[in-house]
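Student: One structure, pasted below without further comment.
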Amino acid sequence: MTRIVIVGAGAAGLAAAEELRRSRFDGTITLVGEEQYVPYDRPPLSKQALEDSWDNARLRLRADADLAALDADFRPGRRAVAADAAQRTVTVDGGEELSYDGLVIATGVVPVPLPGVDSSTLRGLDDASRLRSRLQPGAHVVIIGAGFLGTELAAAAVKRGCRVTLLDRGGSLLARLGEPVSRHVASLHAAQGVEVRSGVRVTHADASGAALADGTWLPADVVIGCVGSVAATAWLEGSGVPVDNGVLCAADCSAAPGVVAAGDVARWFNPAYGSLMRVEHRTNATQQGAHAARTLLANLDGGHGIAFVSVPYAWSHQFDTRIQIHGLTVQGADTEVVAGAEADGSFILAHRVQDRLVGIIGVNAPMREVRRWQQLVHAEAALAAASGVAPPVSLVR
Ligand SMILES: Cc1cc2nc3c(=O)[nH]c(=O)nc-3n(C[C@H](O)[C@H](O)[C@H](O)COP(=O)(O)OP(=O)(O)OC[C@H]3O[C@@H](n4cnc5c(N)ncnc54)[C@H](O)[C@@H]3O)c2cc1C
């Protein structure tokens with residue numbers, strides 16, 4: 001009997017398992033997930049899941065019946081600690097060795113720890129439950145890092161009646177998205193009473209506050225580090241699976257014979273942009289999980305998969321503002337408001353690299369307009385993938 005082991009029971013791992021069954025794979029699927037939970041959704045964790053009325057059951061990606069229909073050997077609460085690509089084995093904590101014919105790596109990312117900061121960061125359901133109980137009205141919350149996670153958390157904390165200080169070493173919030181978006185998000189936070197301190201360096205932080213490089217000490221009731229994440233690949237050390245800022249994959253998501261990777265952990269060659277990329281967005285995890293599963297089945301039949309040509313999509317909700325991103329946002333790209341107006345708080349910003357449209361950002365923009373520009377981004381990406389002439393994104397990244 002053929003066995004496929006999937007390590008990581010998040011969105012990408014689940015999508016891979018489902019695609020295997022949809023493709024009539026009738027061997028054993030072993031799904032190893034370090035967390036105690038059935039596969040759940042992460043985007044609400046920094047948004048609605050921090051509200052008192054929230055019920056964690058809403059995070060579930062599938063009902064029990066759908067999971068049972070997968071007929072998978074699901075191992076929640078088990079962590080893969082090693083792999084051997086030559087022997088085709090995965091070792092889980094406790095020492096059990098799982099042999100496989102095919103392996104899907106879908107272990108996501110882990111937050112970058114901030115020296116001195118206590119366990120307060122936000123990646124999983126347990127973190128969100130802990131934070132929900134600590135974000136009490138009147139509490140002073142210091143958030144270190146003003147990317148998507150930091151700004152979303154600031155908005156959620158304000159909504160819960162907290163006083164929020166948002167620290168970032170960069171000059172502006174979400175700088176990568178381009179100035180008009182950055183300005184809009186900054187004014188949004190300022191209007192809601194968030195104290196934004198840009199261009200500051202935190203030298204030390206602990207549960208009682210944060211120290212800045214200029215000597216300032218910011219006392220706090222809650223300190224949360226949101227300074228980015230790294231691919232969860234430590235367990236692959238010495239495995240023979242290539243790792244370099246993620247599991248290094250070919251265009252079809254294959255990483256080694258009988259091994260594919262998907263989701264936040266995968267760094268693959270995306271023909272749409274002619275470069276290696278790792279995408280930490282929810283939609284990509286599902287699409288790539290399914291794609292990697294198809295590649296794996298082709299591998300097991302002695303063939304190759306096809307390239308995963310992907311135009312990343314991401315979104316964010318902060319206060320009443322909806323941000324949608326299609327394609328790439330590139331720091332240093334030429335940006336132009338192509339629909340709506342920044343002054344009205346509803347607009348679309350295009351990112352171009354050497355006259356080629358690589359991405360758009362909709363800020364409270366009408367769906368109809370976003371779709372129109374989304375199609376142009378997709379058309380440009382399809383052309384690049386088909387012609388093999390991608391926009392020179394790597395030149396400015
Ligand atoms: C708070 C938060 C908010 C977000 N908001 C948005 C948003 O608004 N929009 C958006 O597009 N994206 C958002 N994202 C990103 C999105 O959730 C991720 O891109 C997506 O969850 C990636 O799915 P994945 O399956 O690749 O990884 P994950 O969901 O991280 O799943 C990986 C799983 O593998 C497990 N694992 C790791 N190592 C091992 C091991 N050695 N053995 C066994 N299991 C292991 C992990 O515990 C985890 O359960 C957000 C993420 C977070 C954390």
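Here's how to read the names in the structure tokens: chain A, B, ... by the order shown, residue numbers from 1 in each chain, ligand numbers from 1 in the order shown.
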Could you list the protein, DNA and RNA residues that have any atom within 6 Å of ligand 1, counting only C-alpha atoms and all ligand atoms, and write them as a PyMOL selection string?
Tutor: chain A and resi 7-13+32-35+42-43+45-46+78-81+106-109+122-123+232+235+263-264+280-283+285+314-316
Student: Going by DSSP on the backbone, which residues of stretch 128-287 of chain A come out as strand (DSSP E)? List them as a count of residues only.
Tutor: 51
Student: With only C-alpha atoms counted and 10 Å as the cut-off, give the residues of stretch 219-317 of chain A in contact with stretch 83-86 of chain A, each with its shortest interatomic distance in Å and the pair that gives it, as a Markdown table.
Tutor:
```
| residue | atom | partner | partner_atom | distance |
| --- | --- | --- | --- | --- |
| A:Trp235 | CA | A:Ala83 | CA | 7.4 |
| A:Leu236 | CA | A:Ala83 | CA | 6.0 |
| A:Glu237 | CA | A:Ala83 | CA | 8.2 |
| A:Gly238 | CA | A:Asp84 | CA | 7.7 |
| A:Ser239 | CA | A:Asp84 | CA | 4.6 |
| A:Gly240 | CA | A:Ala85 | CA | 5.5 |
| A:Val241 | CA | A:Ala85 | CA | 6.3 |
| A:Pro242 | CA | A:Ala85 | CA | 10.0 |
| A:Ala255 | CA | A:Ala85 | CA | 10.0 |
| A:Ala256 | CA | A:Ala85 | CA | 7.3 |
| A:Pro257 | CA | A:Ala85 | CA | 7.8 |
| A:Gly258 | CA | A:Ala85 | CA | 8.2 |
| A:Val259 | CA | A:Ala85 | CA | 7.8 |
```
Student: Let's have the selection written as a PDB file, in the first residue's frame, with N, CA and C atoms.
Tutor:
```
ATOM      1  N   TRP A 235      13.430  21.149  11.650  1.00  0.00           N
ATOM      2  CA  TRP A 235      13.348  19.682  11.733  1.00  0.00           C
ATOM      3  C   TRP A 235      13.920  18.992  10.494  1.00  0.00           C
ATOM      4  N   LEU A 236      14.180  19.749   9.429  1.00  0.00           N
ATOM      5  CA  LEU A 236      14.680  19.151   8.178  1.00  0.00           C
ATOM      6  C   LEU A 236      16.207  19.160   8.102  1.00  0.00           C
ATOM      7  N   GLU A 237      16.857  19.688   9.139  1.00  0.00           N
ATOM      8  CA  GLU A 237      18.318  19.767   9.110  1.00  0.00           C
ATOM      9  C   GLU A 237      18.922  18.368   8.908  1.00  0.00           C
ATOM     10  N   GLY A 238      19.794  18.257   7.941  1.00  0.00           N
ATOM     11  CA  GLY A 238      20.453  16.980   7.684  1.00  0.00           C
ATOM     12  C   GLY A 238      19.580  15.957   6.975  1.00  0.00           C
ATOM     13  N   SER A 239      18.402  16.383   6.524  1.00  0.00           N
ATOM     14  CA  SER A 239      17.452  15.431   5.926  1.00  0.00           C
ATOM     15  C   SER A 239      17.737  15.148   4.446  1.00  0.00           C
ATOM     16  N   GLY A 240      18.509  16.043   3.825  1.00  0.00           N
ATOM     17  CA  GLY A 240      18.703  15.906   2.379  1.00  0.00           C
ATOM     18  C   GLY A 240      17.681  16.703   1.584  1.00  0.00           C
ATOM     19  N   VAL A 241      16.701  17.279   2.261  1.00  0.00           N
ATOM     20  CA  VAL A 241      15.745  18.168   1.578  1.00  0.00           C
ATOM     21  C   VAL A 241      16.383  19.559   1.548  1.00  0.00           C
ATOM     22  N   PRO A 242      16.489  20.182   0.359  1.00  0.00           N
ATOM     23  CA  PRO A 242      17.170  21.480   0.297  1.00  0.00           C
ATOM     24  C   PRO A 242      16.376  22.585   1.000  1.00  0.00           C
ATOM     25  N   ALA A 255      10.699  19.169  -4.221  1.00  0.00           N
ATOM     26  CA  ALA A 255      11.926  19.581  -3.548  1.00  0.00           C
ATOM     27  C   ALA A 255      13.002  18.500  -3.605  1.00  0.00           C
ATOM     28  N   ALA A 256      12.590  17.257  -3.716  1.00  0.00           N
ATOM     29  CA  ALA A 256      13.507  16.103  -3.776  1.00  0.00           C
ATOM     30  C   ALA A 256      12.656  14.953  -4.312  1.00  0.00           C
ATOM     31  N   PRO A 257      13.271  13.840  -4.715  1.00  0.00           N
ATOM     32  CA  PRO A 257      12.444  12.735  -5.217  1.00  0.00           C
ATOM     33  C   PRO A 257      11.390  12.328  -4.181  1.00  0.00           C
ATOM     34  N   GLY A 258      10.136  12.384  -4.593  1.00  0.00           N
ATOM     35  CA  GLY A 258       9.050  12.005  -3.684  1.00  0.00           C
ATOM     36  C   GLY A 258       8.751  13.028  -2.599  1.00  0.00           C
ATOM     37  N   VAL A 259       9.289  14.230  -2.725  1.00  0.00           N
ATOM     38  CA  VAL A 259       9.052  15.266  -1.700  1.00  0.00           C
ATOM     39  C   VAL A 259       8.561  16.556  -2.356  1.00  0.00           C
TER      40      VAL A 259
END
```
Student: So how far away is atom CA of A:Val185 from atom CA of A:Ala156, in Å?
Tutor: 14.2 Å
Student: Give me the residues within 12 Å of stretch 320-324 of chain A as a PyMOL selection string, counting only C-alpha atoms and dropping any in the same chain fewer than 3 places off.
Tutor: chain A and resi 47+148+151-152+155-156+159+174+177+181-182+184-189+192+281+312-317+327-329+345-350+359-367+369-371+373-374
Student: So the first atom is atom CA of A:Val358 and the second is atom CA of A:Val377; what is the distance between them in Å, to one decimal place?
Tutor: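 Interatomic distance here is 6.2 Å.
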Student: Just want the 8 Å neighbourhood of A:Arg163, counted on only C-alpha atoms, with same-chain residues fewer than 2 positions away dropped. Output as a PDB file with C-alpha atoms, in the first residue's frame.
Tutor:
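Generated file (out24.pdb):
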```pdb
ATOM      1  CA  GLY A 138      -7.520  50.437  29.914  1.00  0.00           C
ATOM      2  CA  ALA A 139      -4.510  48.143  29.530  1.00  0.00           C
ATOM      3  CA  HIS A 140      -1.466  49.708  27.881  1.00  0.00           C
ATOM      4  CA  VAL A 141      -0.405  47.502  25.006  1.00  0.00           C
ATOM      5  CA  ALA A 157      -6.642  46.107  20.926  1.00  0.00           C
ATOM      6  CA  VAL A 158      -8.118  49.598  20.465  1.00  0.00           C
ATOM      7  CA  GLY A 161     -10.581  49.568  24.905  1.00  0.00           C
ATOM      8  CA  THR A 165       1.639  52.144  21.338  1.00  0.00           C
ATOM      9  CA  GLY A 193      -5.795  57.018  19.198  1.00  0.00           C
ATOM     10  CA  VAL A 194      -2.971  54.580  18.453  1.00  0.00           C
TER      11      VAL A 194
END
```
Student: Please run DSSP on the backbone and report, as a ChimeraX atom specification, all residues within stretch 148-327 of chain A that come out as alpha helix (DSSP H).
Tutor: /A:148-159,179-191,282-300
Student: Save the residues we just selected, C-alpha atoms, as a PDB file, in the first residue's frame?
Tutor:
```
ATOM      1  CA  PHE A 148       0.191  43.496   8.867  1.00  0.00           C
ATOM      2  CA  LEU A 149       0.137  41.551  12.116  1.00  0.00           C
ATOM      3  CA  GLY A 150       1.190  44.507  14.279  1.00  0.00           C
ATOM      4  CA  THR A 151      -1.243  46.970  12.710  1.00  0.00           C
ATOM      5  CA  GLU A 152      -4.141  44.487  12.815  1.00  0.00           C
ATOM      6  CA  LEU A 153      -3.416  43.741  16.467  1.00  0.00           C
ATOM      7  CA  ALA A 154      -3.281  47.462  17.243  1.00  0.00           C
ATOM      8  CA  ALA A 155      -6.741  47.874  15.704  1.00  0.00           C
ATOM      9  CA  ALA A 156      -8.118  44.883  17.623  1.00  0.00           C
ATOM     10  CA  ALA A 157      -6.642  46.107  20.926  1.00  0.00           C
ATOM     11  CA  VAL A 158      -8.118  49.598  20.465  1.00  0.00           C
ATOM     12  CA  LYS A 159     -11.484  47.996  19.786  1.00  0.00           C
ATOM     13  CA  GLU A 179       3.268  55.777   0.301  1.00  0.00           C
ATOM     14  CA  PRO A 180      -0.448  56.453  -0.275  1.00  0.00           C
ATOM     15  CA  VAL A 181      -1.435  53.196   1.468  1.00  0.00           C
ATOM     16  CA  SER A 182       1.104  53.737   4.214  1.00  0.00           C
ATOM     17  CA  ARG A 183      -0.179  57.292   4.817  1.00  0.00           C
ATOM     18  CA  HIS A 184      -3.774  56.100   4.845  1.00  0.00           C
ATOM     19  CA  VAL A 185      -3.099  53.350   7.393  1.00  0.00           C
ATOM     20  CA  ALA A 186      -1.085  55.752   9.591  1.00  0.00           C
ATOM     21  CA  SER A 187      -3.906  58.324   9.624  1.00  0.00           C
ATOM     22  CA  LEU A 188      -6.423  55.590  10.368  1.00  0.00           C
ATOM     23  CA  HIS A 189      -4.478  54.475  13.428  1.00  0.00           C
ATOM     24  CA  ALA A 190      -3.784  58.029  14.590  1.00  0.00           C
ATOM     25  CA  ALA A 191      -7.512  58.876  14.327  1.00  0.00           C
ATOM     26  CA  ARG A 282      -3.795  32.201   3.226  1.00  0.00           C
ATOM     27  CA  THR A 283      -5.069  31.780  -0.338  1.00  0.00           C
ATOM     28  CA  ASN A 284      -1.678  30.664  -1.581  1.00  0.00           C
ATOM     29  CA  ALA A 285      -1.533  27.961   1.104  1.00  0.00           C
ATOM     30  CA  THR A 286      -4.688  26.272  -0.181  1.00  0.00           C
ATOM     31  CA  GLN A 287      -3.852  26.618  -3.860  1.00  0.00           C
ATOM     32  CA  GLN A 288      -0.265  25.457  -3.454  1.00  0.00           C
ATOM     33  CA  GLY A 289      -1.233  22.583  -1.155  1.00  0.00           C
ATOM     34  CA  ALA A 290      -3.499  21.182  -3.869  1.00  0.00           C
ATOM     35  CA  HIS A 291      -0.928  21.828  -6.585  1.00  0.00           C
ATOM     36  CA  ALA A 292       1.868  20.124  -4.650  1.00  0.00           C
ATOM     37  CA  ALA A 293      -0.346  17.077  -4.126  1.00  0.00           C
ATOM     38  CA  ARG A 294      -0.901  16.771  -7.892  1.00  0.00           C
ATOM     39  CA  THR A 295       2.844  17.072  -8.493  1.00  0.00           C
ATOM     40  CA  LEU A 296       3.497  14.355  -5.919  1.00  0.00           C
ATOM     41  CA  LEU A 297       1.066  11.973  -7.610  1.00  0.00           C
ATOM     42  CA  ALA A 298       2.742  12.668 -10.972  1.00  0.00           C
ATOM     43  CA  ASN A 299       6.130  11.940  -9.315  1.00  0.00           C
ATOM     44  CA  LEU A 300       4.874   8.666  -7.888  1.00  0.00           C
TER      45      LEU A 300
END
```
Student: Do you know which residues are at most 9 Å from stretch 225-231 of chain A counting only C-alpha atoms, after dropping those on the same chain fewer than 5 positions away, and could you put them as number ranges by chain?
Tutor: A: 107-114, 117-122, 142-150, 168, 245-247, 264-266
Student: Restricting it to C-alpha atoms, dump the selection as a PDB file, in the first residue's frame.
Tutor:
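Output (out.pdb):
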```
ATOM      1  CA  THR A 107       4.946  23.231   8.297  1.00  0.00           C
ATOM      2  CA  GLY A 108       4.357  26.959   7.809  1.00  0.00           C
ATOM      3  CA  VAL A 109       6.439  29.519   9.672  1.00  0.00           C
ATOM      4  CA  VAL A 110       7.445  30.359  13.219  1.00  0.00           C
ATOM      5  CA  PRO A 111       7.570  33.904  14.615  1.00  0.00           C
ATOM      6  CA  VAL A 112      10.973  35.524  14.938  1.00  0.00           C
ATOM      7  CA  PRO A 113      11.570  35.704  18.688  1.00  0.00           C
ATOM      8  CA  LEU A 114      12.440  39.070  20.126  1.00  0.00           C
ATOM      9  CA  VAL A 117      10.057  39.516  25.109  1.00  0.00           C
ATOM     10  CA  ASP A 118       7.905  36.962  26.898  1.00  0.00           C
ATOM     11  CA  SER A 119       5.810  34.458  25.000  1.00  0.00           C
ATOM     12  CA  SER A 120       3.515  37.186  23.649  1.00  0.00           C
ATOM     13  CA  THR A 121       3.377  36.833  19.948  1.00  0.00           C
ATOM     14  CA  LEU A 122       0.553  35.652  17.771  1.00  0.00           C
ATOM     15  CA  VAL A 142       2.975  47.926  23.334  1.00  0.00           C
ATOM     16  CA  ILE A 143       3.251  46.288  19.933  1.00  0.00           C
ATOM     17  CA  ILE A 144       6.694  45.905  18.400  1.00  0.00           C
ATOM     18  CA  GLY A 145       6.599  45.715  14.621  1.00  0.00           C
ATOM     19  CA  ALA A 146       4.081  47.506  12.412  1.00  0.00           C
ATOM     20  CA  GLY A 147       3.577  45.065   9.564  1.00  0.00           C
ATOM     21  CA  PHE A 148       0.191  43.496   8.867  1.00  0.00           C
ATOM     22  CA  LEU A 149       0.137  41.551  12.116  1.00  0.00           C
ATOM     23  CA  GLY A 150       1.190  44.507  14.279  1.00  0.00           C
ATOM     24  CA  ASP A 168       8.450  50.247  14.271  1.00  0.00           C
ATOM     25  CA  ASN A 245      14.821  30.523   3.530  1.00  0.00           C
ATOM     26  CA  GLY A 246      12.160  27.827   3.160  1.00  0.00           C
ATOM     27  CA  VAL A 247      12.030  24.454   1.455  1.00  0.00           C
ATOM     28  CA  ASP A 264       4.238  29.478   3.953  1.00  0.00           C
ATOM     29  CA  VAL A 265       7.204  27.097   4.193  1.00  0.00           C
ATOM     30  CA  ALA A 266       7.720  26.574   0.432  1.00  0.00           C
TER      31      ALA A 266
END
```
Student: Counting only C-alpha atoms, which residues of stretch 271-345 of chain A sit at most 6 Å from some atom of stretch 250-254 of chain A, and what is each one's closest atom pair with its distance in Å to one decimal, listed by chain and rising residue number, as CSV?
Tutor:
```
residue,atom,partner,partner_atom,distance
A:Ala292,CA,A:Cys253,CA,5.6
A:Gly305,CA,A:Asp252,CA,5.3
A:Ile306,CA,A:Asp252,CA,5.1
A:Ala307,CA,A:Asp252,CA,4.2
A:Phe308,CA,A:Asp252,CA,5.4
```
Student: Keeping only N, CA and C atoms, write those residues as an mmCIF file, in the first residue's frame.
Tutor:
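Output file part20.cif follows:
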```
data_model
loop_
_atom_site.group_PDB
_atom_site.id
_atom_site.type_symbol
_atom_site.label_atom_id
_atom_site.label_comp_id
_atom_site.auth_asym_id
_atom_site.auth_seq_id
_atom_site.Cartn_x
_atom_site.Cartn_y
_atom_site.Cartn_z
ATOM 1 N N ALA A 292 0.763 21.005 -5.059
ATOM 2 C CA ALA A 292 1.868 20.124 -4.650
ATOM 3 C C ALA A 292 1.409 18.664 -4.601
ATOM 4 N N GLY A 305 5.433 17.230 -12.356
ATOM 5 C CA GLY A 305 4.261 18.091 -12.243
ATOM 6 C C GLY A 305 4.385 19.260 -13.200
ATOM 7 N N ILE A 306 3.375 20.109 -13.196
ATOM 8 C CA ILE A 306 3.481 21.329 -14.001
ATOM 9 C C ILE A 306 3.789 22.497 -13.062
ATOM 10 N N ALA A 307 4.228 23.609 -13.674
ATOM 11 C CA ALA A 307 4.650 24.749 -12.847
ATOM 12 C C ALA A 307 3.468 25.342 -12.088
ATOM 13 N N PHE A 308 3.736 25.764 -10.867
ATOM 14 C CA PHE A 308 2.732 26.466 -10.072
ATOM 15 C C PHE A 308 2.899 27.964 -10.371
#
```
Student: Could you tell me how far atom CA of A:Pro76 lies from atom CA of A:Val38, in Å and to one decimal?
Tutor: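 Between atom CA of A:Pro76 and atom CA of A:Val38 the gap is 7.2 Å.
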Student: As an MDAnalysis selection string, please: the residues near A:Phe74 (cut-off 6 Å, only C-alpha atoms, same-chain neighbours under 2 positions excluded).
Tutor: chainID A and resid 30:31 72
Student: Name the residues in contact with A:Arg60 at a cut-off of 9 Å, using only C-alpha atoms, excluding same-chain residues fewer than 4 positions from it; report them as a PyMOL selection string.
Tutor: chain A and resi 37-41+56
Student: Would you save the residues of that selection, restricted to C-alpha atoms, as a tab-separated table (two decimals), in the first residue's frame?
Tutor:
```tsv
chain	number	residue	atom	x	y	z
A	37	TYR	CA	-6.39	20.99	16.98
A	38	VAL	CA	-8.09	19.93	13.80
A	39	PRO	CA	-7.03	22.18	10.88
A	40	TYR	CA	-8.11	25.77	11.56
A	41	ASP	CA	-7.93	29.19	9.96
A	56	ASN	CA	-13.11	29.38	18.51
```
Student: Which is closer to A:Phe269 than all the others in A:Arg372, A:Asp334, A:Leu125, A:Ala385, using only C-alpha atoms?
Tutor: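 Of A:Arg372, A:Asp334, A:Leu125, A:Ala385, the one nearest A:Phe269, counting only C-alpha atoms, is A:Ala385.
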Student: Restricting the calculation to only C-alpha atoms, which member of A:Val164, A:His326, A:Ile105, A:Asp221 is positioned closest to A:Thr233?
Tutor: A:Ile105
